[in-house]
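Chemist: My structure is stored as input-v2.cif, with mmCIF, C-alpha atoms and all ligand atoms.
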```
data_my_file
loop_
_atom_site.group_PDB
_atom_site.id
_atom_site.type_symbol
_atom_site.label_atom_id
_atom_site.label_comp_id
_atom_site.auth_asym_id
_atom_site.auth_seq_id
_atom_site.Cartn_x
_atom_site.Cartn_y
_atom_site.Cartn_z
ATOM 1 C CA MET A 1 67.997 91.335 72.771
ATOM 2 C CA ARG A 2 69.787 88.870 74.979
ATOM 3 C CA ILE A 3 73.181 90.039 73.735
ATOM 4 C CA ILE A 4 72.337 93.653 74.534
ATOM 5 C CA ARG A 5 71.309 92.710 78.052
ATOM 6 C CA LEU A 6 74.516 90.740 78.560
ATOM 7 C CA LEU A 7 76.561 93.627 77.247
ATOM 8 C CA ALA A 8 74.809 96.064 79.561
ATOM 9 C CA SER A 9 75.520 93.933 82.625
ATOM 10 C CA ALA A 10 79.149 93.507 81.586
ATOM 11 C CA VAL A 11 79.551 97.266 81.256
ATOM 12 C CA ALA A 12 77.979 97.791 84.680
ATOM 13 C CA ALA A 13 80.302 95.225 86.249
ATOM 14 C CA PHE A 14 83.311 96.821 84.599
ATOM 15 C CA ALA A 15 82.322 100.268 85.825
ATOM 16 C CA ALA A 16 81.884 98.974 89.361
ATOM 17 C CA ALA A 17 85.302 97.321 89.276
ATOM 18 C CA CYS A 18 86.978 100.466 87.983
ATOM 19 C CA SER A 19 85.469 102.856 90.468
ATOM 20 C CA SER A 20 87.525 101.467 93.355
ATOM 21 C CA SER A 21 90.637 100.300 91.577
ATOM 22 C CA THR A 22 92.886 103.359 91.846
ATOM 23 C CA TYR A 23 93.552 103.136 95.561
ATOM 24 C CA ALA A 24 92.737 99.834 97.177
ATOM 25 C CA GLY A 25 90.803 100.238 100.372
ATOM 26 C CA SER A 26 90.478 103.966 99.956
ATOM 27 C CA SER A 27 87.529 106.206 99.481
ATOM 28 C CA ASN A 28 87.677 108.625 96.612
ATOM 29 C CA ASN A 29 88.717 112.201 97.162
ATOM 30 C CA PRO A 30 86.151 114.354 95.392
ATOM 31 C CA GLY A 31 88.805 117.032 94.967
ATOM 32 C CA GLY A 32 90.655 114.816 92.504
ATOM 33 C CA GLY A 33 93.824 114.244 94.560
ATOM 34 C CA PRO A 34 94.727 111.231 96.636
ATOM 35 C CA PRO A 35 91.929 109.875 98.853
ATOM 36 C CA MET A 36 91.829 111.328 102.368
ATOM 37 C CA THR A 37 90.675 108.142 104.061
ATOM 38 C CA ALA A 38 91.636 104.507 103.781
ATOM 39 C CA MET A 39 90.849 101.323 105.643
ATOM 40 C CA VAL A 40 93.199 98.481 106.560
ATOM 41 C CA ASN A 41 91.744 95.303 107.987
ATOM 42 C CA ALA A 42 93.821 93.353 110.473
ATOM 43 C CA THR A 43 91.126 90.761 110.841
ATOM 44 C CA SER A 44 92.901 87.674 109.552
ATOM 45 C CA LEU A 45 95.626 85.585 111.145
ATOM 46 C CA ASN A 46 98.707 87.331 109.803
ATOM 47 C CA THR A 47 97.825 89.602 106.896
ATOM 48 C CA PHE A 48 96.870 93.245 106.589
ATOM 49 C CA THR A 49 94.176 93.700 103.935
ATOM 50 C CA PRO A 50 94.930 95.552 101.782
ATOM 51 C CA GLU A 51 98.633 95.628 102.503
ATOM 52 C CA ASN A 52 99.185 98.931 100.674
ATOM 53 C CA VAL A 53 97.043 102.035 100.856
ATOM 54 C CA ALA A 54 97.518 105.635 99.780
ATOM 55 C CA VAL A 55 96.202 108.878 101.252
ATOM 56 C CA GLY A 56 96.906 112.558 100.858
ATOM 57 C CA VAL A 57 98.811 114.555 103.473
ATOM 58 C CA GLY A 58 96.454 114.946 106.409
ATOM 59 C CA GLY A 59 94.621 111.783 105.448
ATOM 60 C CA THR A 60 93.456 109.153 107.888
ATOM 61 C CA VAL A 61 93.932 105.403 107.830
ATOM 62 C CA THR A 62 91.632 103.324 110.005
ATOM 63 C CA PHE A 63 92.988 99.981 111.189
ATOM 64 C CA THR A 64 90.309 97.452 112.120
ATOM 65 C CA PHE A 65 91.138 94.511 114.358
ATOM 66 C CA GLY A 66 89.187 91.270 114.609
ATOM 67 C CA ASP A 67 89.401 88.194 116.801
ATOM 68 C CA VAL A 68 93.171 87.747 116.398
ATOM 69 C CA ALA A 69 95.320 90.215 118.339
ATOM 70 C CA HIS A 70 97.515 92.521 116.258
ATOM 71 C CA ASN A 71 99.316 95.830 116.581
ATOM 72 C CA VAL A 72 100.750 98.399 114.164
ATOM 73 C CA PHE A 73 104.234 99.895 114.372
ATOM 74 C CA PHE A 74 105.862 102.334 111.953
ATOM 75 C CA ASP A 75 109.443 101.237 112.366
ATOM 76 C CA ASN A 76 111.161 102.587 109.280
ATOM 77 C CA ASP A 77 110.364 106.275 109.709
ATOM 78 C CA PRO A 78 108.862 106.901 113.137
ATOM 79 C CA ALA A 79 109.696 110.630 112.961
ATOM 80 C CA GLY A 80 107.122 111.355 110.256
ATOM 81 C CA ALA A 81 104.675 108.629 111.165
ATOM 82 C CA PRO A 82 101.742 108.767 113.570
ATOM 83 C CA ALA A 83 101.906 107.031 116.925
ATOM 84 C CA PRO A 84 101.982 103.252 116.819
ATOM 85 C CA ILE A 85 99.013 101.154 117.832
ATOM 86 C CA THR A 86 100.645 99.239 120.637
ATOM 87 C CA GLY A 87 99.552 96.228 122.616
ATOM 88 C CA ALA A 88 97.379 93.335 121.482
ATOM 89 C CA ASN A 89 94.259 94.743 119.887
ATOM 90 C CA THR A 90 91.096 92.774 119.152
ATOM 91 C CA ASN A 91 87.626 93.694 117.951
ATOM 92 C CA MET A 92 88.201 97.412 117.713
ATOM 93 C CA SER A 93 89.314 100.119 115.315
ATOM 94 C CA GLN A 94 92.002 102.774 115.599
ATOM 95 C CA ALA A 95 92.505 105.663 113.197
ATOM 96 C CA ARG A 96 95.834 107.313 112.493
ATOM 97 C CA THR A 97 96.353 110.609 110.652
ATOM 98 C CA PHE A 98 99.351 111.090 108.381
ATOM 99 C CA THR A 99 100.560 114.690 108.300
ATOM 100 C CA THR A 100 103.866 114.101 106.494
ATOM 101 C CA ALA A 101 104.362 112.982 102.909
ATOM 102 C CA GLY A 102 106.326 109.782 102.507
ATOM 103 C CA THR A 103 106.165 106.029 102.420
ATOM 104 C CA PHE A 104 105.462 104.540 105.817
ATOM 105 C CA GLU A 105 105.941 100.834 106.243
ATOM 106 C CA PHE A 106 104.091 99.287 109.124
ATOM 107 C CA ASP A 107 104.218 95.909 110.720
ATOM 108 C CA CYS A 108 102.726 93.825 113.482
ATOM 109 C CA HIS A 109 105.143 92.959 116.270
ATOM 110 C CA ILE A 110 103.131 89.899 117.219
ATOM 111 C CA HIS A 111 103.320 88.269 113.789
ATOM 112 C CA PRO A 112 106.693 88.479 112.005
ATOM 113 C CA GLY A 113 106.231 89.217 108.314
ATOM 114 C CA MET A 114 102.800 90.817 108.777
ATOM 115 C CA LYS A 115 103.322 94.203 107.196
ATOM 116 C CA GLY A 116 102.052 96.861 104.853
ATOM 117 C CA THR A 117 102.670 100.341 103.519
ATOM 118 C CA VAL A 118 100.913 103.687 103.703
ATOM 119 C CA ILE A 119 101.915 106.030 100.876
ATOM 120 C CA VAL A 120 101.222 109.644 101.818
ATOM 121 C CA SER A 121 101.444 112.141 98.993
ATOM 122 C CA ASN A 122 101.083 115.887 98.878
ATOM 123 C CA THR A 123 97.797 117.032 97.450
ATOM 124 C CA SER A 124 99.197 120.355 96.230
ATOM 125 C CA SER A 125 100.153 118.862 92.869
ATOM 126 C CA ALA A 126 96.577 117.845 92.187
ATOM 127 C CA PRO A 127 94.577 120.277 90.079
ATOM 128 C CA PRO A 128 92.190 122.344 92.153
ATOM 129 C CA ALA A 129 88.645 121.126 91.726
ATOM 130 C CA GLY A 130 85.959 123.473 92.879
ATOM 131 C CA GLY A 131 87.663 124.721 95.997
ATOM 132 C CA GLY A 132 88.540 121.306 97.361
ATOM 133 C CA LEU A 133 90.878 121.362 100.310
ATOM 134 C CA GLY A 134 92.315 124.798 99.741
ATOM 135 C CA TYR A 135 95.938 123.774 99.324
HETATM 136 CU CU CU B 201 99.530 90.506 114.017
#
```
With the file now loaded, output its structure as C-alpha cells.
Ligand SMILES: [Cu+2]
Modeler:
Amino acid sequence: MRIIRLLASAVAAFAAACSSSTYAGSSNNPGGGPPMTAMVNATSLNTFTPENVAVGVGGTVTFTFGDVAHNVFFDNDPAGAPAPITGANTNMSQARTFTTAGTFEFDCHIHPGMKGTVIVSNTSSAPPAGGGLGY
C-alpha cells in the first residue's frame, strides 16, 4: 500500500512539472499553438527570469519590476519589436505585444549583461483546434 501511495504522488509531481515545461514562464494556449502570454520577472539584481520566453504572433509579454530599477530595450531588431520600456522602473509591470514573428533579444541598459530573448512564432502552422484564434 505504501508503495502505491508513493507511486501516485510521484506521478502527480511529474505531471505538475510537465504541464509548464514547454514554454518557461508562459501560459498555455488552449488552441494548441504557442502561448499568447508570458511573464518575465526583472525583480532580481541583474537577471531576467526566465531569460527566454516564447509567444505566438500577437502575444503579450508582461515585464514585472521589483525593488531594483531596470529597463527593457530591444536593440537587435527594433523595427519588428514593441516599444522599449525606458527609464528606471521599480515595483510595477509593463506589458508589450509582439505583432511580428522573429527572435527579439532584449537587455537592460542599467545592468550590462542583463538580457533575454522573446521568440515570436506564427500560429498559422499550428493545427486548428476548435476555432481557436481564427488564423
Ligand atoms: Cu537592470
Chemist: Select, from A:Gly80, A:Pro35, A:Gly66, A:Gly56, the residue with the minimum atom-to-atom distance to ligand CU 201 (chain B), counting only C-alpha atoms and all ligand atoms.
Modeler: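 Looking only at the distances to ligand CU 201 (chain B), the closest residue turns out to be A:Gly66.
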Chemist: As an exercise, work out the distance from atom CA of A:Phe65 to atom CA of A:Thr90 in Å and give it to one decimal place.
Modeler: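 About the pair atom CA of A:Phe65 and atom CA of A:Thr90: they are 5.1 Å apart.
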Chemist: Write out as a list in words each polymer residue whose atoms come within 9 Å of stretch 100-115 of chain A, counting only C-alpha atoms; drop sequence neighbours fewer than 6 positions from it.
Modeler: Leu45, Asn46, Thr47, Phe48, Glu51, Asn52, Gly56, Val57, Gly58, Ala69, His70, Asn71, Val72, Phe73, Phe74, Asp75, Asn76, Asp77, Pro78, Gly80, Ala81, Pro84, Thr86, Ala88, Ser121 and Asn122 of chain A
Chemist: Between atom CA of A:Ser93 and atom CA of A:Val120, measure the distance and give it in Å to one decimal.
Modeler: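 Atom CA of A:Ser93 sits 20.4 Å away from atom CA of A:Val120.
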Chemist: Select, from A:Ala79, A:Val55, A:Ala95, A:Val68, the residue with the minimum atom-to-atom distance to ligand CU 201 (chain B), counting all atoms listed in the file.
Modeler: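 Among A:Ala79, A:Val55, A:Ala95, A:Val68, it is A:Val68 that comes nearest to ligand CU 201 (chain B).
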Chemist: Using only C-alpha atoms and all ligand atoms, which of A:Thr117, A:Gly87, A:Val61, A:Pro50 sits nearest ligand CU 201 (chain B)?
Modeler: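 Smallest distance to ligand CU 201 (chain B) is found for A:Gly87.
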Chemist: Take atom CA of A:Met92 and atom CA of A:Gly116 and report the distance between them in Å, one decimal.
Modeler: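 Those two atoms sit 18.9 Å apart.
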Chemist: Find, counting only C-alpha atoms and all ligand atoms, the residue in A:Gly59, A:Thr37, A:Thr64, A:Val118 that gets nearest to ligand CU 201 (chain B).
Modeler: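 Residue with the minimum atom-to-atom distance to ligand CU 201 (chain B): A:Thr64.
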Chemist: Calculated over only C-alpha atoms and all ligand atoms, which of the candidates A:Ala83, A:Phe98, A:Thr62, A:Thr49 has the smallest distance to ligand CU 201 (chain B)?
Modeler: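 Closest candidate: A:Thr49.
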Chemist: Which of these, A:Asn91, A:Ser44, A:Thr97, A:Thr123, has the shortest distance to ligand CU 201 (chain B) once you count all atoms listed in the file?
Modeler: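 For ligand CU 201 (chain B), the nearest of the given residues is A:Ser44.
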